[in-house]
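Data file: data03.cif. Format and content: mmCIF, N, CA, C and O atoms.
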```
data_run
#
loop_
_atom_site.label_atom_id
_atom_site.label_comp_id
_atom_site.auth_asym_id
_atom_site.auth_seq_id
_atom_site.Cartn_x
_atom_site.Cartn_y
_atom_site.Cartn_z
N MET A 7 -50.28 -69.08 1.26
CA MET A 7 -49.58 -68.13 2.12
C MET A 7 -48.11 -68.51 2.22
O MET A 7 -47.79 -69.69 2.35
N ASP A 8 -47.27 -67.52 2.20
CA ASP A 8 -45.84 -67.73 2.37
C ASP A 8 -45.45 -67.53 3.83
O ASP A 8 -45.94 -66.60 4.49
N VAL A 9 -44.56 -68.38 4.31
CA VAL A 9 -44.05 -68.26 5.66
C VAL A 9 -42.91 -67.24 5.68
O VAL A 9 -42.07 -67.21 4.78
N VAL A 10 -42.89 -66.40 6.71
CA VAL A 10 -41.75 -65.51 6.97
C VAL A 10 -41.18 -65.92 8.32
O VAL A 10 -41.92 -66.12 9.28
N ALA A 11 -39.86 -66.07 8.37
CA ALA A 11 -39.24 -66.52 9.61
C ALA A 11 -37.76 -66.18 9.58
O ALA A 11 -37.15 -66.11 8.51
N ASP A 12 -37.20 -65.97 10.77
CA ASP A 12 -35.78 -65.70 10.88
C ASP A 12 -35.34 -65.95 12.31
O ASP A 12 -36.16 -65.90 13.24
N ILE A 13 -34.07 -66.23 12.48
CA ILE A 13 -33.41 -66.26 13.79
C ILE A 13 -32.19 -65.36 13.65
O ILE A 13 -31.37 -65.57 12.75
N VAL A 14 -32.09 -64.36 14.52
CA VAL A 14 -31.07 -63.32 14.39
C VAL A 14 -30.28 -63.20 15.68
O VAL A 14 -30.85 -63.25 16.77
N SER A 15 -28.97 -63.03 15.55
CA SER A 15 -28.14 -62.69 16.70
C SER A 15 -28.23 -61.18 16.88
O SER A 15 -27.78 -60.41 16.03
N VAL A 16 -28.84 -60.76 17.99
CA VAL A 16 -29.06 -59.35 18.26
C VAL A 16 -27.99 -58.87 19.23
O VAL A 16 -27.79 -59.46 20.28
N ALA A 17 -27.31 -57.79 18.86
CA ALA A 17 -26.22 -57.25 19.66
C ALA A 17 -26.66 -56.95 21.09
O ALA A 17 -27.85 -56.74 21.36
N ALA A 18 -25.69 -56.93 22.00
CA ALA A 18 -25.97 -56.56 23.39
C ALA A 18 -26.71 -55.23 23.41
O ALA A 18 -26.32 -54.28 22.74
N ASP A 19 -27.82 -55.17 24.15
CA ASP A 19 -28.66 -53.98 24.28
C ASP A 19 -29.23 -53.52 22.94
O ASP A 19 -29.64 -52.38 22.80
N GLY A 20 -29.26 -54.43 21.96
CA GLY A 20 -29.75 -54.09 20.62
C GLY A 20 -31.20 -54.46 20.43
O GLY A 20 -31.86 -55.01 21.32
N VAL A 21 -31.70 -54.17 19.23
CA VAL A 21 -33.11 -54.37 18.90
C VAL A 21 -33.24 -55.12 17.59
O VAL A 21 -32.51 -54.83 16.63
N LEU A 22 -34.16 -56.05 17.54
CA LEU A 22 -34.56 -56.70 16.29
C LEU A 22 -35.85 -56.06 15.81
O LEU A 22 -36.85 -56.07 16.55
N ASP A 23 -35.84 -55.49 14.61
CA ASP A 23 -37.06 -54.99 13.99
C ASP A 23 -37.71 -56.12 13.21
O ASP A 23 -37.09 -56.72 12.34
N ILE A 24 -38.95 -56.41 13.54
CA ILE A 24 -39.74 -57.38 12.77
C ILE A 24 -40.61 -56.53 11.86
O ILE A 24 -41.72 -56.15 12.22
N GLN A 25 -40.06 -56.23 10.69
CA GLN A 25 -40.63 -55.22 9.79
C GLN A 25 -40.54 -55.72 8.35
O GLN A 25 -39.44 -55.93 7.83
N PRO A 26 -41.69 -55.90 7.70
CA PRO A 26 -41.66 -56.34 6.31
C PRO A 26 -41.10 -55.26 5.38
O PRO A 26 -41.12 -54.08 5.72
N PRO A 27 -40.62 -55.68 4.20
CA PRO A 27 -40.22 -54.69 3.22
C PRO A 27 -41.43 -53.92 2.69
O PRO A 27 -42.58 -54.34 2.87
N SER A 28 -41.18 -52.84 2.03
CA SER A 28 -42.22 -51.98 1.47
C SER A 28 -43.21 -52.79 0.64
O SER A 28 -42.82 -53.62 -0.18
N GLY A 29 -44.49 -52.56 0.89
CA GLY A 29 -45.54 -53.20 0.13
C GLY A 29 -46.00 -54.55 0.66
O GLY A 29 -46.99 -55.09 0.19
N GLU A 30 -45.30 -55.10 1.64
CA GLU A 30 -45.70 -56.39 2.22
C GLU A 30 -46.39 -56.20 3.56
O GLU A 30 -46.11 -55.24 4.28
N LYS A 31 -47.27 -57.14 3.88
CA LYS A 31 -47.91 -57.20 5.18
C LYS A 31 -47.72 -58.61 5.71
O LYS A 31 -47.87 -59.59 4.96
N TRP A 32 -47.38 -58.71 7.00
CA TRP A 32 -47.19 -60.00 7.64
C TRP A 32 -48.10 -60.10 8.86
O TRP A 32 -48.47 -59.08 9.46
N ILE A 33 -48.37 -61.31 9.25
CA ILE A 33 -48.97 -61.59 10.56
C ILE A 33 -47.96 -62.43 11.32
O ILE A 33 -47.63 -63.55 10.91
N ILE A 34 -47.44 -61.86 12.41
CA ILE A 34 -46.46 -62.55 13.23
C ILE A 34 -47.20 -63.44 14.22
O ILE A 34 -48.11 -62.99 14.92
N MET A 35 -46.77 -64.71 14.28
CA MET A 35 -47.47 -65.69 15.10
C MET A 35 -46.63 -66.19 16.28
O MET A 35 -47.18 -66.59 17.30
N VAL A 36 -45.30 -66.17 16.14
CA VAL A 36 -44.42 -66.67 17.19
C VAL A 36 -43.18 -65.78 17.26
O VAL A 36 -42.62 -65.40 16.23
N ILE A 37 -42.76 -65.45 18.49
CA ILE A 37 -41.48 -64.78 18.72
C ILE A 37 -40.76 -65.59 19.78
O ILE A 37 -41.33 -65.90 20.83
N THR A 38 -39.50 -65.94 19.52
CA THR A 38 -38.71 -66.74 20.45
C THR A 38 -37.49 -65.93 20.91
O THR A 38 -37.03 -65.04 20.19
N HIS A 39 -36.98 -66.25 22.09
CA HIS A 39 -35.83 -65.51 22.62
C HIS A 39 -35.06 -66.40 23.59
O HIS A 39 -35.62 -67.27 24.24
N GLU A 40 -33.74 -66.14 23.66
CA GLU A 40 -32.91 -66.97 24.55
C GLU A 40 -32.50 -66.24 25.82
O GLU A 40 -31.78 -66.80 26.64
N TYR A 41 -32.96 -65.02 26.00
CA TYR A 41 -32.59 -64.23 27.18
C TYR A 41 -33.69 -63.20 27.43
O TYR A 41 -34.68 -63.14 26.69
N ASP A 42 -33.52 -62.37 28.42
CA ASP A 42 -34.50 -61.35 28.78
C ASP A 42 -34.73 -60.39 27.61
O ASP A 42 -33.77 -59.92 26.98
N VAL A 43 -36.01 -60.09 27.34
CA VAL A 43 -36.37 -59.21 26.23
C VAL A 43 -37.56 -58.33 26.59
O VAL A 43 -38.30 -58.61 27.54
N GLU A 44 -37.73 -57.28 25.80
CA GLU A 44 -38.93 -56.44 25.85
C GLU A 44 -39.51 -56.39 24.45
O GLU A 44 -38.77 -56.41 23.46
N LEU A 45 -40.84 -56.30 24.37
CA LEU A 45 -41.54 -56.29 23.10
C LEU A 45 -42.25 -54.95 22.92
O LEU A 45 -42.98 -54.51 23.82
N TYR A 46 -42.02 -54.33 21.77
CA TYR A 46 -42.57 -53.00 21.47
C TYR A 46 -43.36 -53.02 20.17
O TYR A 46 -43.00 -53.72 19.22
N HIS A 47 -44.41 -52.21 20.12
CA HIS A 47 -45.12 -51.88 18.89
C HIS A 47 -44.67 -50.47 18.52
O HIS A 47 -44.72 -49.57 19.36
N THR A 48 -44.19 -50.28 17.29
CA THR A 48 -43.58 -48.99 16.94
C THR A 48 -43.93 -48.57 15.52
O THR A 48 -44.29 -49.40 14.67
N ASP A 49 -43.78 -47.28 15.29
CA ASP A 49 -43.86 -46.73 13.94
C ASP A 49 -42.50 -46.18 13.51
O ASP A 49 -42.39 -45.48 12.51
N GLY A 50 -41.47 -46.48 14.28
CA GLY A 50 -40.12 -45.99 14.00
C GLY A 50 -39.78 -44.74 14.77
O GLY A 50 -38.61 -44.43 14.97
N THR A 51 -40.79 -44.01 15.23
CA THR A 51 -40.59 -42.81 16.04
C THR A 51 -41.15 -43.03 17.44
O THR A 51 -40.48 -42.77 18.44
N ASN A 52 -42.37 -43.47 17.52
CA ASN A 52 -43.04 -43.74 18.78
C ASN A 52 -43.05 -45.24 19.03
O ASN A 52 -43.25 -46.02 18.10
N ALA A 53 -42.83 -45.62 20.29
CA ALA A 53 -42.82 -47.04 20.63
C ALA A 53 -43.61 -47.27 21.91
O ALA A 53 -43.49 -46.50 22.87
N ILE A 54 -44.40 -48.34 21.91
CA ILE A 54 -45.17 -48.73 23.09
C ILE A 54 -44.66 -50.09 23.54
O ILE A 54 -44.77 -51.08 22.80
N LYS A 55 -44.10 -50.15 24.74
CA LYS A 55 -43.71 -51.44 25.31
C LYS A 55 -44.97 -52.12 25.81
O LYS A 55 -45.71 -51.55 26.61
N PHE A 56 -45.25 -53.32 25.31
CA PHE A 56 -46.47 -53.99 25.75
C PHE A 56 -46.24 -55.35 26.39
O PHE A 56 -47.18 -55.97 26.89
N ASP A 57 -44.98 -55.80 26.43
CA ASP A 57 -44.71 -57.03 27.15
C ASP A 57 -43.21 -57.18 27.36
O ASP A 57 -42.42 -56.51 26.70
N SER A 58 -42.85 -58.05 28.29
CA SER A 58 -41.46 -58.38 28.53
C SER A 58 -41.40 -59.81 29.06
O SER A 58 -42.42 -60.36 29.50
N ALA A 59 -40.23 -60.41 28.98
CA ALA A 59 -40.06 -61.78 29.46
C ALA A 59 -38.63 -61.95 29.95
O ALA A 59 -37.71 -61.28 29.46
N THR A 60 -38.45 -62.85 30.90
CA THR A 60 -37.12 -63.14 31.40
C THR A 60 -36.72 -64.56 31.00
O THR A 60 -37.58 -65.43 30.82
N GLY A 61 -35.42 -64.75 30.87
CA GLY A 61 -34.91 -66.06 30.49
C GLY A 61 -35.22 -66.37 29.04
O GLY A 61 -35.46 -65.49 28.24
N ASN A 62 -35.19 -67.67 28.72
CA ASN A 62 -35.53 -68.05 27.35
C ASN A 62 -36.99 -68.42 27.29
O ASN A 62 -37.59 -68.80 28.28
N GLY A 63 -37.58 -68.27 26.11
CA GLY A 63 -38.99 -68.59 25.98
C GLY A 63 -39.55 -68.15 24.66
O GLY A 63 -38.82 -67.86 23.71
N ALA A 64 -40.88 -68.08 24.62
CA ALA A 64 -41.56 -67.72 23.38
C ALA A 64 -42.92 -67.11 23.66
O ALA A 64 -43.56 -67.45 24.65
N TRP A 65 -43.31 -66.21 22.78
CA TRP A 65 -44.70 -65.78 22.69
C TRP A 65 -45.28 -66.60 21.55
O TRP A 65 -44.79 -66.55 20.42
N THR A 66 -46.32 -67.36 21.83
CA THR A 66 -46.94 -68.20 20.82
C THR A 66 -48.40 -67.80 20.65
O THR A 66 -48.96 -67.08 21.47
N ASN A 67 -48.99 -68.26 19.59
CA ASN A 67 -50.39 -67.96 19.28
C ASN A 67 -50.66 -66.47 19.12
O ASN A 67 -51.76 -66.00 19.38
N LEU A 68 -49.63 -65.73 18.70
CA LEU A 68 -49.84 -64.31 18.39
C LEU A 68 -50.59 -64.21 17.07
O LEU A 68 -50.53 -65.09 16.23
N ARG A 69 -51.23 -63.10 16.87
CA ARG A 69 -51.85 -62.75 15.58
C ARG A 69 -51.62 -61.25 15.40
O ARG A 69 -52.55 -60.48 15.40
N PHE A 70 -50.36 -60.87 15.26
CA PHE A 70 -49.99 -59.46 15.26
C PHE A 70 -49.66 -59.00 13.85
O PHE A 70 -48.65 -59.38 13.29
N PRO A 71 -50.53 -58.18 13.23
CA PRO A 71 -50.25 -57.70 11.88
C PRO A 71 -49.18 -56.60 11.91
O PRO A 71 -49.20 -55.73 12.78
N VAL A 72 -48.26 -56.67 10.95
CA VAL A 72 -47.22 -55.65 10.82
C VAL A 72 -47.07 -55.28 9.34
O VAL A 72 -47.36 -56.08 8.46
N ASN A 73 -46.61 -54.04 9.12
CA ASN A 73 -46.26 -53.59 7.78
C ASN A 73 -45.03 -52.72 7.88
O ASN A 73 -44.42 -52.62 8.94
N GLU A 74 -44.64 -52.07 6.79
CA GLU A 74 -43.41 -51.28 6.81
C GLU A 74 -43.48 -50.08 7.76
O GLU A 74 -42.45 -49.58 8.20
N ASN A 75 -44.69 -49.63 8.10
CA ASN A 75 -44.85 -48.43 8.93
C ASN A 75 -45.21 -48.71 10.38
O ASN A 75 -44.99 -47.86 11.25
N LYS A 76 -45.81 -49.85 10.65
CA LYS A 76 -46.20 -50.25 12.01
C LYS A 76 -45.70 -51.66 12.21
O LYS A 76 -46.18 -52.59 11.56
N TYR A 77 -44.75 -51.85 13.10
CA TYR A 77 -44.08 -53.14 13.22
C TYR A 77 -43.67 -53.40 14.65
O TYR A 77 -43.93 -52.60 15.55
N LEU A 78 -43.03 -54.53 14.87
CA LEU A 78 -42.60 -54.94 16.20
C LEU A 78 -41.10 -54.77 16.36
O LEU A 78 -40.34 -54.92 15.40
N GLN A 79 -40.69 -54.47 17.58
CA GLN A 79 -39.28 -54.47 17.95
C GLN A 79 -39.12 -55.36 19.17
O GLN A 79 -39.93 -55.30 20.10
N VAL A 80 -38.07 -56.18 19.15
CA VAL A 80 -37.75 -57.02 20.30
C VAL A 80 -36.37 -56.58 20.79
O VAL A 80 -35.39 -56.64 20.04
N LYS A 81 -36.32 -56.09 22.03
CA LYS A 81 -35.06 -55.57 22.58
C LYS A 81 -34.37 -56.62 23.42
O LYS A 81 -34.96 -57.20 24.33
N ASN A 82 -33.10 -56.85 23.12
CA ASN A 82 -32.24 -57.73 23.90
C ASN A 82 -31.81 -56.96 25.15
O ASN A 82 -31.13 -55.95 25.06
N LEU A 83 -32.19 -57.44 26.32
CA LEU A 83 -31.86 -56.73 27.57
C LEU A 83 -30.51 -57.11 28.14
O LEU A 83 -30.10 -56.55 29.16
N ASP A 84 -29.81 -58.04 27.51
CA ASP A 84 -28.45 -58.39 27.94
C ASP A 84 -27.52 -57.26 27.47
O ASP A 84 -27.39 -57.03 26.28
N THR A 85 -26.91 -56.58 28.40
CA THR A 85 -26.04 -55.44 28.05
C THR A 85 -24.60 -55.87 27.77
O THR A 85 -23.78 -55.04 27.41
N ALA A 86 -24.30 -57.17 27.90
CA ALA A 86 -22.94 -57.65 27.69
C ALA A 86 -22.78 -58.60 26.51
O ALA A 86 -21.68 -58.72 25.97
N ASN A 87 -23.86 -59.27 26.11
CA ASN A 87 -23.75 -60.32 25.09
C ASN A 87 -24.83 -60.23 24.03
O ASN A 87 -25.98 -59.87 24.34
N ALA A 88 -24.47 -60.60 22.80
CA ALA A 88 -25.47 -60.79 21.75
C ALA A 88 -26.32 -62.00 22.12
O ALA A 88 -25.82 -62.95 22.75
N ARG A 89 -27.59 -61.97 21.75
CA ARG A 89 -28.51 -63.08 22.06
C ARG A 89 -29.38 -63.37 20.83
O ARG A 89 -29.65 -62.48 20.02
N LEU A 90 -29.83 -64.62 20.72
CA LEU A 90 -30.67 -65.02 19.61
C LEU A 90 -32.12 -64.66 19.86
O LEU A 90 -32.66 -64.91 20.94
N ILE A 91 -32.75 -64.08 18.83
CA ILE A 91 -34.18 -63.78 18.84
C ILE A 91 -34.74 -64.23 17.49
O ILE A 91 -34.11 -63.98 16.45
N GLY A 92 -35.88 -64.90 17.53
CA GLY A 92 -36.46 -65.40 16.29
C GLY A 92 -37.93 -65.04 16.19
O GLY A 92 -38.56 -64.62 17.15
N TYR A 93 -38.46 -65.22 14.97
CA TYR A 93 -39.89 -64.98 14.75
C TYR A 93 -40.35 -65.84 13.59
O TYR A 93 -39.56 -66.28 12.76
N SER A 94 -41.63 -66.06 13.53
CA SER A 94 -42.25 -66.68 12.37
C SER A 94 -43.67 -66.19 12.23
O SER A 94 -44.31 -65.78 13.20
N GLY A 95 -44.11 -66.20 10.99
CA GLY A 95 -45.45 -65.73 10.69
C GLY A 95 -45.76 -66.01 9.23
O GLY A 95 -45.12 -66.85 8.60
N VAL A 96 -46.75 -65.31 8.71
CA VAL A 96 -47.17 -65.50 7.32
C VAL A 96 -47.29 -64.16 6.63
O VAL A 96 -47.63 -63.14 7.24
N LYS A 97 -47.00 -64.19 5.34
CA LYS A 97 -47.21 -63.02 4.49
C LYS A 97 -48.65 -63.04 4.02
O LYS A 97 -49.17 -64.08 3.61
N VAL A 98 -49.33 -61.90 4.12
CA VAL A 98 -50.74 -61.83 3.70
C VAL A 98 -50.91 -60.90 2.52
O VAL A 98 -50.08 -60.09 2.24
#
```

Would you write out, as structure tokens, the structure that this file holds?
Amino acid sequence: MDVVADIVSVAADGVLDIQPPSGEKWIIMVITHEYDVELYHTDGTNAIKFDSATGNGAWTNLRFPVNENKYLQVKNLDTANARLIGYSGVKV
């Protein structure tokens, strides 16, 4: 299995899409954040907010499958500053 991981500076009030390229499927296992965030499951049109967190922290022990059509979005709730958001998982 190949590891997929990144740490991204997400613009103020911006969103990080955790979305594999066409033809790939990933299982996301960890999402980290340095500020308040919201977590969404989306198809690019419809989005379901299913969790949020304040401050810095991480969601660990996730087993969330994503592909190019159904993926995760992590929203930076800081409206003044870019913030770091990261993820790691495996390509299946």

Expected residue set, 8 Å radius at (-41.2, -62.5, 26.4), only N, CA, C and O atoms, as JSON, numbers by chain:
{"A": [37, 38, 39, 41, 42, 43, 44, 45, 57, 58, 59, 60, 61, 62, 63, 64, 65]}

Output of the PyMOL selection byres ((chain A and resi 29) around 8), listed as a compact mmCIF listing (two decimals) with N, CA, C and O atoms, in the frame of the given file:
```
# COMPACT_ATOMS: atom_id res chain seq x y z
N PRO A 26 -41.69 -55.90 7.70
CA PRO A 26 -41.66 -56.34 6.31
C PRO A 26 -41.10 -55.26 5.38
O PRO A 26 -41.12 -54.08 5.72
N PRO A 27 -40.62 -55.68 4.20
CA PRO A 27 -40.22 -54.69 3.22
C PRO A 27 -41.43 -53.92 2.69
O PRO A 27 -42.58 -54.34 2.87
N SER A 28 -41.18 -52.84 2.03
CA SER A 28 -42.22 -51.98 1.47
C SER A 28 -43.21 -52.79 0.64
O SER A 28 -42.82 -53.62 -0.18
N GLU A 30 -45.30 -55.10 1.64
CA GLU A 30 -45.70 -56.39 2.22
C GLU A 30 -46.39 -56.20 3.56
O GLU A 30 -46.11 -55.24 4.28
N LYS A 31 -47.27 -57.14 3.88
CA LYS A 31 -47.91 -57.20 5.18
C LYS A 31 -47.72 -58.61 5.71
O LYS A 31 -47.87 -59.59 4.96
N TRP A 32 -47.38 -58.71 7.00
CA TRP A 32 -47.19 -60.00 7.64
C TRP A 32 -48.10 -60.10 8.86
O TRP A 32 -48.47 -59.08 9.46
N ASN A 73 -46.61 -54.04 9.12
CA ASN A 73 -46.26 -53.59 7.78
C ASN A 73 -45.03 -52.72 7.88
O ASN A 73 -44.42 -52.62 8.94
N GLU A 74 -44.64 -52.07 6.79
CA GLU A 74 -43.41 -51.28 6.81
C GLU A 74 -43.48 -50.08 7.76
O GLU A 74 -42.45 -49.58 8.20
N ASN A 75 -44.69 -49.63 8.10
CA ASN A 75 -44.85 -48.43 8.93
C ASN A 75 -45.21 -48.71 10.38
O ASN A 75 -44.99 -47.86 11.25
N VAL A 98 -49.33 -61.90 4.12
CA VAL A 98 -50.74 -61.83 3.70
C VAL A 98 -50.91 -60.90 2.52
O VAL A 98 -50.08 -60.09 2.24
```

To one decimal in Å, tell me the separation between CA of Val9 in chain A and CA of Gly95 in chain A.
5.8 Å

Applying 8 Å and all atoms listed in the file, which residues near Arg89 in chain A remain after dropping the ones on its own chain fewer than 5 positions away? List them as a ChimeraX atom specification.
/A:13-20,38-42,82-84

State, in Å with one decimal place, the distance from atom N of Val96 in chain A to atom C of Thr48 in chain A.
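Computing it gives 18.3 Å between the two atoms.
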
What is the atom O of Phe56 in chain A-atom O of Ala86 in chain A distance in Å, reported with one decimal?
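That distance, rounded to one decimal, is 25.7 Å.
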
Could you spell out the hits of the PyMOL selection byres ((chain A and resi 69) around 5) on the shown file, as a list in words?
Ile34, Met35, Asn67, Leu68, Phe70 and Pro71 of chain A

Got a sec: who's within 7 Å of His47 in chain A, counting only C-alpha atoms, leaving out chain neighbours fewer than 6 positions off, as a VMD selection string?
chain A and resid 53 to 55 77 to 79

If you run DSSP over the backbone, which residues in chain A end up strand (DSSP E or B)? Put them as a ChimeraX atom specification.
/A:8-16,21-24,32-39,43-48,53-59,63-65,70-72,77-82,89-97

Identify all residues satisfying the PyMOL selection byres ((chain A and resi 93) around 4.5) in the given file; provide them as a CSV table (one decimal) with N, CA, C and O atoms, in the frame of the given file.
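Written output follows (expr-v4.csv):
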```csv
chain,number,residue,atom,x,y,z
A,10,VAL,N,-42.9,-66.4,6.7
A,10,VAL,CA,-41.8,-65.5,7.0
A,10,VAL,C,-41.2,-65.9,8.3
A,10,VAL,O,-41.9,-66.1,9.3
A,11,ALA,N,-39.9,-66.1,8.4
A,11,ALA,CA,-39.2,-66.5,9.6
A,11,ALA,C,-37.8,-66.2,9.6
A,11,ALA,O,-37.2,-66.1,8.5
A,12,ASP,N,-37.2,-66.0,10.8
A,12,ASP,CA,-35.8,-65.7,10.9
A,12,ASP,C,-35.3,-66.0,12.3
A,12,ASP,O,-36.2,-65.9,13.2
A,36,VAL,N,-45.3,-66.2,16.1
A,36,VAL,CA,-44.4,-66.7,17.2
A,36,VAL,C,-43.2,-65.8,17.3
A,36,VAL,O,-42.6,-65.4,16.2
A,37,ILE,N,-42.8,-65.4,18.5
A,37,ILE,CA,-41.5,-64.8,18.7
A,37,ILE,C,-40.8,-65.6,19.8
A,37,ILE,O,-41.3,-65.9,20.8
A,92,GLY,N,-35.9,-64.9,17.5
A,92,GLY,CA,-36.5,-65.4,16.3
A,92,GLY,C,-37.9,-65.0,16.2
A,92,GLY,O,-38.6,-64.6,17.2
A,94,SER,N,-41.6,-66.1,13.5
A,94,SER,CA,-42.2,-66.7,12.4
A,94,SER,C,-43.7,-66.2,12.2
A,94,SER,O,-44.3,-65.8,13.2
```

Would you please work out which residue, of A:Tyr46, A:Ile33, A:Gln25, A:Thr51, is nearest to Lys81 in chain A when using all atoms listed in the file?
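Among the listed residues, the smallest separation from Lys81 in chain A belongs to A:Tyr46.
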
Could you check which of A:Met7, A:Val80, A:Val72, A:Leu90 is closest to Leu22 in chain A, using only N, CA, C and O atoms?
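Checking each candidate against Leu22 in chain A, we get A:Val80 as the closest.
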